[in-house]
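Undergrad: I am sharing start-v2.pdb, which consists of PDB, C-alpha atoms:
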MODEL        1
ATOM      1  CA  MET U   5      74.853 -65.781 -83.117
ATOM      2  CA  LYS U   6      74.795 -68.525 -85.706
ATOM      3  CA  SER U   7      74.041 -72.172 -84.996
ATOM      4  CA  CYS U   8      76.764 -74.626 -83.901
ATOM      5  CA  LYS U   9      77.081 -78.381 -84.123
ATOM      6  CA  THR U  10      76.583 -80.076 -80.768
ATOM      7  CA  ARG U  11      79.743 -82.171 -81.156
ATOM      8  CA  ASP U  12      81.825 -78.999 -81.747
ATOM      9  CA  ILE U  13      80.406 -77.402 -78.599
ATOM     10  CA  ALA U  14      81.102 -80.547 -76.537
ATOM     11  CA  ALA U  15      84.686 -80.808 -77.818
ATOM     12  CA  ALA U  16      85.355 -77.132 -77.047
ATOM     13  CA  LEU U  17      83.938 -77.417 -73.521
ATOM     14  CA  ILE U  18      86.071 -80.447 -72.714
ATOM     15  CA  LYS U  19      89.151 -78.741 -74.148
ATOM     16  CA  LYS U  20      88.507 -75.715 -71.890
ATOM     17  CA  GLY U  21      88.356 -77.754 -68.678
ATOM     18  CA  PHE U  22      84.784 -78.957 -68.444
ATOM     19  CA  MET U  23      84.011 -82.470 -67.228
ATOM     20  CA  GLU U  24      81.188 -84.376 -68.939
ATOM     21  CA  ARG U  25      78.611 -86.503 -67.158
ATOM     22  CA  SER U  26      75.693 -88.108 -68.949
ATOM     23  CA  SER U  27      72.178 -88.380 -67.615
ATOM     24  CA  HIS U  28      69.061 -87.438 -69.546
ATOM     25  CA  HIS U  29      71.342 -84.683 -70.928
ATOM     26  CA  LYS U  30      75.102 -84.418 -71.378
ATOM     27  CA  MET U  31      76.060 -82.287 -68.390
ATOM     28  CA  PHE U  32      79.277 -80.242 -68.487
ATOM     29  CA  PHE U  33      80.813 -78.947 -65.235
ATOM     30  CA  PHE U  34      83.663 -76.429 -65.269
ATOM     31  CA  CYS U  35      86.609 -77.727 -63.223
ATOM     32  CA  ILE U  36      89.454 -75.723 -61.706
ATOM     33  CA  ASP U  37      92.421 -77.516 -60.143
ATOM     34  CA  GLY U  38      90.502 -80.793 -60.363
ATOM     35  CA  LYS U  39      87.497 -79.430 -58.456
ATOM     36  CA  ILE U  40      84.043 -78.891 -59.888
ATOM     37  CA  SER U  41      82.960 -75.248 -59.760
ATOM     38  CA  GLY U  42      79.344 -74.136 -59.683
ATOM     39  CA  VAL U  43      79.433 -73.302 -63.399
ATOM     40  CA  HIS U  44      77.744 -75.848 -65.630
ATOM     41  CA  THR U  45      75.655 -76.281 -68.754
ATOM     42  CA  PHE U  46      74.183 -79.140 -70.710
ATOM     43  CA  LEU U  47      73.641 -80.431 -74.219
ATOM     44  CA  SER U  48      70.569 -82.441 -75.174
ATOM     45  CA  HIS U  49      71.229 -85.927 -76.566
ATOM     46  CA  GLY U  50      68.786 -85.602 -79.482
ATOM     47  CA  VAL U  51      69.905 -82.197 -80.765
ATOM     48  CA  LYS U  52      72.567 -82.274 -83.492
ATOM     49  CA  GLU U  53      72.862 -78.513 -83.849
ATOM     50  CA  TYR U  54      72.241 -75.704 -81.361
ATOM     51  CA  ASN U  55      70.330 -72.745 -82.801
ATOM     52  CA  THR U  56      70.466 -69.159 -81.545
ATOM     53  CA  GLU U  57      67.756 -69.712 -78.917
ATOM     54  CA  LEU U  58      69.623 -72.648 -77.320
ATOM     55  CA  LEU U  59      72.970 -70.827 -77.506
ATOM     56  CA  VAL U  60      71.460 -67.837 -75.678
ATOM     57  CA  LYS U  61      70.411 -70.179 -72.861
ATOM     58  CA  MET U  62      73.881 -71.750 -72.812
ATOM     59  CA  ARG U  63      75.680 -68.413 -72.647
ATOM     60  CA  THR U  64      73.497 -67.493 -69.660
ATOM     61  CA  HIS U  65      74.520 -70.735 -67.882
ATOM     62  CA  LEU U  66      78.184 -69.987 -68.627
ATOM     63  CA  HIS U  67      78.005 -66.263 -67.685
ATOM     64  CA  LEU U  68      79.170 -65.134 -71.139
ATOM     65  CA  SER U  69      78.137 -62.670 -73.828
ATOM     66  CA  GLY U  70      77.334 -63.949 -77.313
ATOM     67  CA  LYS U  71      80.791 -63.055 -78.629
ATOM     68  CA  GLU U  72      82.501 -64.653 -75.615
ATOM     69  CA  LEU U  73      80.561 -67.904 -76.099
ATOM     70  CA  GLU U  74      81.535 -67.869 -79.758
ATOM     71  CA  ASP U  75      85.184 -67.392 -78.726
ATOM     72  CA  LEU U  76      84.907 -70.228 -76.190
ATOM     73  CA  ILE U  77      83.553 -72.621 -78.836
ATOM     74  CA  GLN U  78      85.909 -71.518 -81.629
ATOM     75  CA  CYS U  79      88.934 -71.511 -79.273
ATOM     76  CA  PRO U  80      90.288 -67.935 -79.046
ATOM     77  CA  LEU U  81      89.110 -67.960 -75.398
ATOM     78  CA  SER U  82      91.196 -70.472 -73.413
ATOM     79  CA  GLY U  83      90.120 -72.278 -70.265
ATOM     80  CA  VAL U  84      92.432 -70.080 -68.176
ATOM     81  CA  ASP U  85      91.024 -66.927 -69.781
ATOM     82  CA  TYR U  86      87.505 -68.208 -69.119
ATOM     83  CA  ALA U  87      88.319 -68.879 -65.452
ATOM     84  CA  ASN U  88      89.818 -65.385 -65.104
ATOM     85  CA  LEU U  89      86.704 -63.885 -66.688
ATOM     86  CA  LEU U  90      84.492 -65.709 -64.169
ATOM     87  CA  ILE U  91      86.696 -64.544 -61.279
ATOM     88  CA  GLU U  92      86.599 -60.959 -62.596
ATOM     89  CA  ARG U  93      82.771 -61.134 -62.732
ATOM     90  CA  GLY U  94      82.520 -62.534 -59.207
ATOM     91  CA  VAL U  95      81.128 -65.883 -60.335
ATOM     92  CA  LEU U  96      84.174 -67.778 -58.992
ATOM     93  CA  GLU U  97      86.591 -66.991 -56.182
ATOM     94  CA  LYS U  98      90.358 -66.934 -56.637
TER
ENDMDL
END
Using structure tokens, write down the structure that the file contains.
TA:
Amino acid sequence: MKSCKTRDIAAALIKKGFMERSSHHKMFFFCIDGKISGVHTFLSHGVKEYNTELLVKMRTHLHLSGKELEDLIQCPLSGVDYANLLIERGVLEK
């Protein structure tokens, strides 16, 4: 997996239904029907680009493979598709 700009990751997460909250990190919580699910990840304030090591940690938080995370960031994977994937994997309930 190649590196990605932090701002591109943040924009993709918000577009897919994540809600952002700032603390010592930018926290992103996946929301379904206006409710926060247990799925979340974060972006560090001082990091401008996420390298492979950080993206591997993020994909673990989001319950995705490397290709799926890439699709989530680059937009082929929609928020609805992501939610269905999490339901299929037993991470979320219907």
Undergrad: Contacts of His44 of chain U at 9 Å or less, counting only C-alpha atoms, minus same-chain residues fewer than 3 places along, as number ranges by chain?
TA: U: 22, 31-34, 41, 65-66
Undergrad: Which residues match the PyMOL selection byres ((chain U and resi 79-85) around 10) in the file above, as a PyMOL selection string?
TA: chain U and resi 16-22+34-36+72-78+86-91
Undergrad: In terms of the shortest atom-to-atom distance over all atoms listed in the file, which of U:Glu97, U:Glu92, U:Asp12, U:Glu24 is closest to Thr45 of chain U?
TA: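 Looking at the shortest contact to Thr45 of chain U, the residue is U:Glu24.
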Undergrad: Could you tell me, as an MDAnalysis selection string, exactly which residues end up selected when the PyMOL selection byres ((chain U and resi 9) around 9) is applied to this structure?
TA: chainID U and resid 7:8 10:14 51:55
Undergrad: If I take atom CA of Lys30 of chain U and atom CA of Ser48 of chain U, how far is one from the other in Å, to one decimal?
TA: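 Between these atoms lies a distance of 6.2 Å.
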Undergrad: Could you check how far atom CA of His49 of chain U sits from atom CA of His28 of chain U, in Å to one decimal?
TA: 7.5 Å
Undergrad: Rounded to one decimal place, report the atom CA of Arg25 of chain U-atom CA of Leu47 of chain U distance in Å.
TA: 10.6 Å
Undergrad: From the list U:Phe46, U:Arg93, U:Lys98, U:Ala15, which residue is nearest Leu59 of chain U when using all atoms listed in the file?
TA: U:Phe46
Undergrad: I'd like the box whose edges run along x, y and z of the file and which contains every listed atom of segment 69-80 of chain U, padded by 5 Å per side; could you state its centre and edge lengths in Å, one decimal, as AutoDock Vina command-line options?
TA:
--center_x 83.8 --center_y -67.6 --center_z -77.7 --size_x 23.0 --size_y 20.0 --size_z 17.8
Undergrad: Could you rebuild segment 8-44 of chain U with N, CA and C atoms and give it back as a PDB file, in the coordinates of the input?
TA:
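That gives us rebuild_29.pdb:
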ATOM      1  N   CYS U   8      75.525 -73.857 -84.058  1.00  0.00           N
ATOM      2  CA  CYS U   8      76.764 -74.626 -83.901  1.00  0.00           C
ATOM      3  C   CYS U   8      76.426 -76.102 -83.748  1.00  0.00           C
ATOM      4  N   LYS U   9      77.272 -76.941 -84.283  1.00  0.00           N
ATOM      5  CA  LYS U   9      77.081 -78.381 -84.123  1.00  0.00           C
ATOM      6  C   LYS U   9      77.341 -78.766 -82.668  1.00  0.00           C
ATOM      7  N   THR U  10      76.493 -79.640 -82.155  1.00  0.00           N
ATOM      8  CA  THR U  10      76.583 -80.076 -80.768  1.00  0.00           C
ATOM      9  C   THR U  10      77.940 -80.708 -80.478  1.00  0.00           C
ATOM     10  N   ARG U  11      78.452 -81.507 -81.390  1.00  0.00           N
ATOM     11  CA  ARG U  11      79.743 -82.171 -81.156  1.00  0.00           C
ATOM     12  C   ARG U  11      80.886 -81.156 -81.068  1.00  0.00           C
ATOM     13  N   ASP U  12      80.800 -80.048 -81.818  1.00  0.00           N
ATOM     14  CA  ASP U  12      81.825 -78.999 -81.747  1.00  0.00           C
ATOM     15  C   ASP U  12      81.775 -78.277 -80.394  1.00  0.00           C
ATOM     16  N   ILE U  13      80.568 -78.047 -79.905  1.00  0.00           N
ATOM     17  CA  ILE U  13      80.406 -77.402 -78.599  1.00  0.00           C
ATOM     18  C   ILE U  13      80.979 -78.312 -77.508  1.00  0.00           C
ATOM     19  N   ALA U  14      80.624 -79.592 -77.542  1.00  0.00           N
ATOM     20  CA  ALA U  14      81.102 -80.547 -76.537  1.00  0.00           C
ATOM     21  C   ALA U  14      82.628 -80.628 -76.541  1.00  0.00           C
ATOM     22  N   ALA U  15      83.224 -80.719 -77.712  1.00  0.00           N
ATOM     23  CA  ALA U  15      84.686 -80.808 -77.818  1.00  0.00           C
ATOM     24  C   ALA U  15      85.350 -79.557 -77.256  1.00  0.00           C
ATOM     25  N   ALA U  16      84.792 -78.390 -77.542  1.00  0.00           N
ATOM     26  CA  ALA U  16      85.355 -77.132 -77.047  1.00  0.00           C
ATOM     27  C   ALA U  16      85.249 -77.057 -75.529  1.00  0.00           C
ATOM     28  N   LEU U  17      84.111 -77.469 -74.974  1.00  0.00           N
ATOM     29  CA  LEU U  17      83.938 -77.417 -73.521  1.00  0.00           C
ATOM     30  C   LEU U  17      84.944 -78.317 -72.814  1.00  0.00           C
ATOM     31  N   ILE U  18      85.119 -79.512 -73.321  1.00  0.00           N
ATOM     32  CA  ILE U  18      86.071 -80.447 -72.714  1.00  0.00           C
ATOM     33  C   ILE U  18      87.493 -79.894 -72.807  1.00  0.00           C
ATOM     34  N   LYS U  19      87.819 -79.319 -73.951  1.00  0.00           N
ATOM     35  CA  LYS U  19      89.151 -78.741 -74.148  1.00  0.00           C
ATOM     36  C   LYS U  19      89.417 -77.584 -73.175  1.00  0.00           C
ATOM     37  N   LYS U  20      88.367 -76.882 -72.770  1.00  0.00           N
ATOM     38  CA  LYS U  20      88.507 -75.715 -71.890  1.00  0.00           C
ATOM     39  C   LYS U  20      88.459 -76.068 -70.407  1.00  0.00           C
ATOM     40  N   GLY U  21      88.311 -77.354 -70.081  1.00  0.00           N
ATOM     41  CA  GLY U  21      88.356 -77.754 -68.678  1.00  0.00           C
ATOM     42  C   GLY U  21      87.032 -78.205 -68.089  1.00  0.00           C
ATOM     43  N   PHE U  22      86.060 -78.453 -68.929  1.00  0.00           N
ATOM     44  CA  PHE U  22      84.784 -78.957 -68.444  1.00  0.00           C
ATOM     45  C   PHE U  22      84.837 -80.482 -68.361  1.00  0.00           C
ATOM     46  N   MET U  23      84.127 -81.034 -67.382  1.00  0.00           N
ATOM     47  CA  MET U  23      84.011 -82.470 -67.228  1.00  0.00           C
ATOM     48  C   MET U  23      82.595 -82.867 -67.659  1.00  0.00           C
ATOM     49  N   GLU U  24      82.486 -83.943 -68.435  1.00  0.00           N
ATOM     50  CA  GLU U  24      81.188 -84.376 -68.939  1.00  0.00           C
ATOM     51  C   GLU U  24      80.639 -85.517 -68.101  1.00  0.00           C
ATOM     52  N   ARG U  25      79.361 -85.420 -67.805  1.00  0.00           N
ATOM     53  CA  ARG U  25      78.611 -86.503 -67.158  1.00  0.00           C
ATOM     54  C   ARG U  25      77.299 -86.647 -67.908  1.00  0.00           C
ATOM     55  N   SER U  26      76.936 -87.872 -68.218  1.00  0.00           N
ATOM     56  CA  SER U  26      75.693 -88.108 -68.949  1.00  0.00           C
ATOM     57  C   SER U  26      74.572 -88.526 -68.012  1.00  0.00           C
ATOM     58  N   SER U  27      73.423 -87.981 -68.266  1.00  0.00           N
ATOM     59  CA  SER U  27      72.178 -88.380 -67.615  1.00  0.00           C
ATOM     60  C   SER U  27      71.125 -88.276 -68.715  1.00  0.00           C
ATOM     61  N   HIS U  28      70.014 -87.659 -68.463  1.00  0.00           N
ATOM     62  CA  HIS U  28      69.061 -87.438 -69.546  1.00  0.00           C
ATOM     63  C   HIS U  28      69.564 -86.350 -70.499  1.00  0.00           C
ATOM     64  N   HIS U  29      70.611 -85.640 -70.090  1.00  0.00           N
ATOM     65  CA  HIS U  29      71.342 -84.683 -70.928  1.00  0.00           C
ATOM     66  C   HIS U  29      72.832 -84.973 -70.748  1.00  0.00           C
ATOM     67  N   LYS U  30      73.652 -84.397 -71.600  1.00  0.00           N
ATOM     68  CA  LYS U  30      75.102 -84.418 -71.378  1.00  0.00           C
ATOM     69  C   LYS U  30      75.412 -83.181 -70.554  1.00  0.00           C
ATOM     70  N   MET U  31      75.763 -83.392 -69.302  1.00  0.00           N
ATOM     71  CA  MET U  31      76.060 -82.287 -68.390  1.00  0.00           C
ATOM     72  C   MET U  31      77.550 -81.976 -68.460  1.00  0.00           C
ATOM     73  N   PHE U  32      77.890 -80.694 -68.449  1.00  0.00           N
ATOM     74  CA  PHE U  32      79.277 -80.242 -68.487  1.00  0.00           C
ATOM     75  C   PHE U  32      79.515 -79.319 -67.300  1.00  0.00           C
ATOM     76  N   PHE U  33      80.481 -79.701 -66.433  1.00  0.00           N
ATOM     77  CA  PHE U  33      80.813 -78.947 -65.235  1.00  0.00           C
ATOM     78  C   PHE U  33      82.213 -78.374 -65.399  1.00  0.00           C
ATOM     79  N   PHE U  34      82.363 -77.072 -65.154  1.00  0.00           N
ATOM     80  CA  PHE U  34      83.663 -76.429 -65.269  1.00  0.00           C
ATOM     81  C   PHE U  34      84.500 -76.792 -64.052  1.00  0.00           C
ATOM     82  N   CYS U  35      85.712 -77.299 -64.291  1.00  0.00           N
ATOM     83  CA  CYS U  35      86.609 -77.727 -63.223  1.00  0.00           C
ATOM     84  C   CYS U  35      87.836 -76.821 -63.165  1.00  0.00           C
ATOM     85  N   ILE U  36      88.232 -76.490 -61.941  1.00  0.00           N
ATOM     86  CA  ILE U  36      89.454 -75.723 -61.706  1.00  0.00           C
ATOM     87  C   ILE U  36      90.278 -76.488 -60.676  1.00  0.00           C
ATOM     88  N   ASP U  37      91.520 -76.762 -61.019  1.00  0.00           N
ATOM     89  CA  ASP U  37      92.421 -77.516 -60.143  1.00  0.00           C
ATOM     90  C   ASP U  37      91.799 -78.842 -59.712  1.00  0.00           C
ATOM     91  N   GLY U  38      91.097 -79.491 -60.633  1.00  0.00           N
ATOM     92  CA  GLY U  38      90.502 -80.793 -60.363  1.00  0.00           C
ATOM     93  C   GLY U  38      89.216 -80.759 -59.557  1.00  0.00           C
ATOM     94  N   LYS U  39      88.723 -79.564 -59.240  1.00  0.00           N
ATOM     95  CA  LYS U  39      87.497 -79.430 -58.456  1.00  0.00           C
ATOM     96  C   LYS U  39      86.393 -78.846 -59.316  1.00  0.00           C
ATOM     97  N   ILE U  40      85.196 -79.373 -59.128  1.00  0.00           N
ATOM     98  CA  ILE U  40      84.043 -78.891 -59.888  1.00  0.00           C
ATOM     99  C   ILE U  40      83.595 -77.551 -59.305  1.00  0.00           C
ATOM    100  N   SER U  41      83.475 -76.560 -60.180  1.00  0.00           N
ATOM    101  CA  SER U  41      82.960 -75.248 -59.760  1.00  0.00           C
ATOM    102  C   SER U  41      81.434 -75.282 -59.889  1.00  0.00           C
ATOM    103  N   GLY U  42      80.797 -74.210 -59.559  1.00  0.00           N
ATOM    104  CA  GLY U  42      79.344 -74.136 -59.683  1.00  0.00           C
ATOM    105  C   GLY U  42      78.867 -73.830 -61.099  1.00  0.00           C
ATOM    106  N   VAL U  43      79.792 -73.664 -62.025  1.00  0.00           N
ATOM    107  CA  VAL U  43      79.433 -73.302 -63.399  1.00  0.00           C
ATOM    108  C   VAL U  43      79.211 -74.579 -64.204  1.00  0.00           C
ATOM    109  N   HIS U  44      78.048 -74.660 -64.829  1.00  0.00           N
ATOM    110  CA  HIS U  44      77.744 -75.848 -65.630  1.00  0.00           C
ATOM    111  C   HIS U  44      76.737 -75.505 -66.727  1.00  0.00           C
TER     112      HIS U  44
END
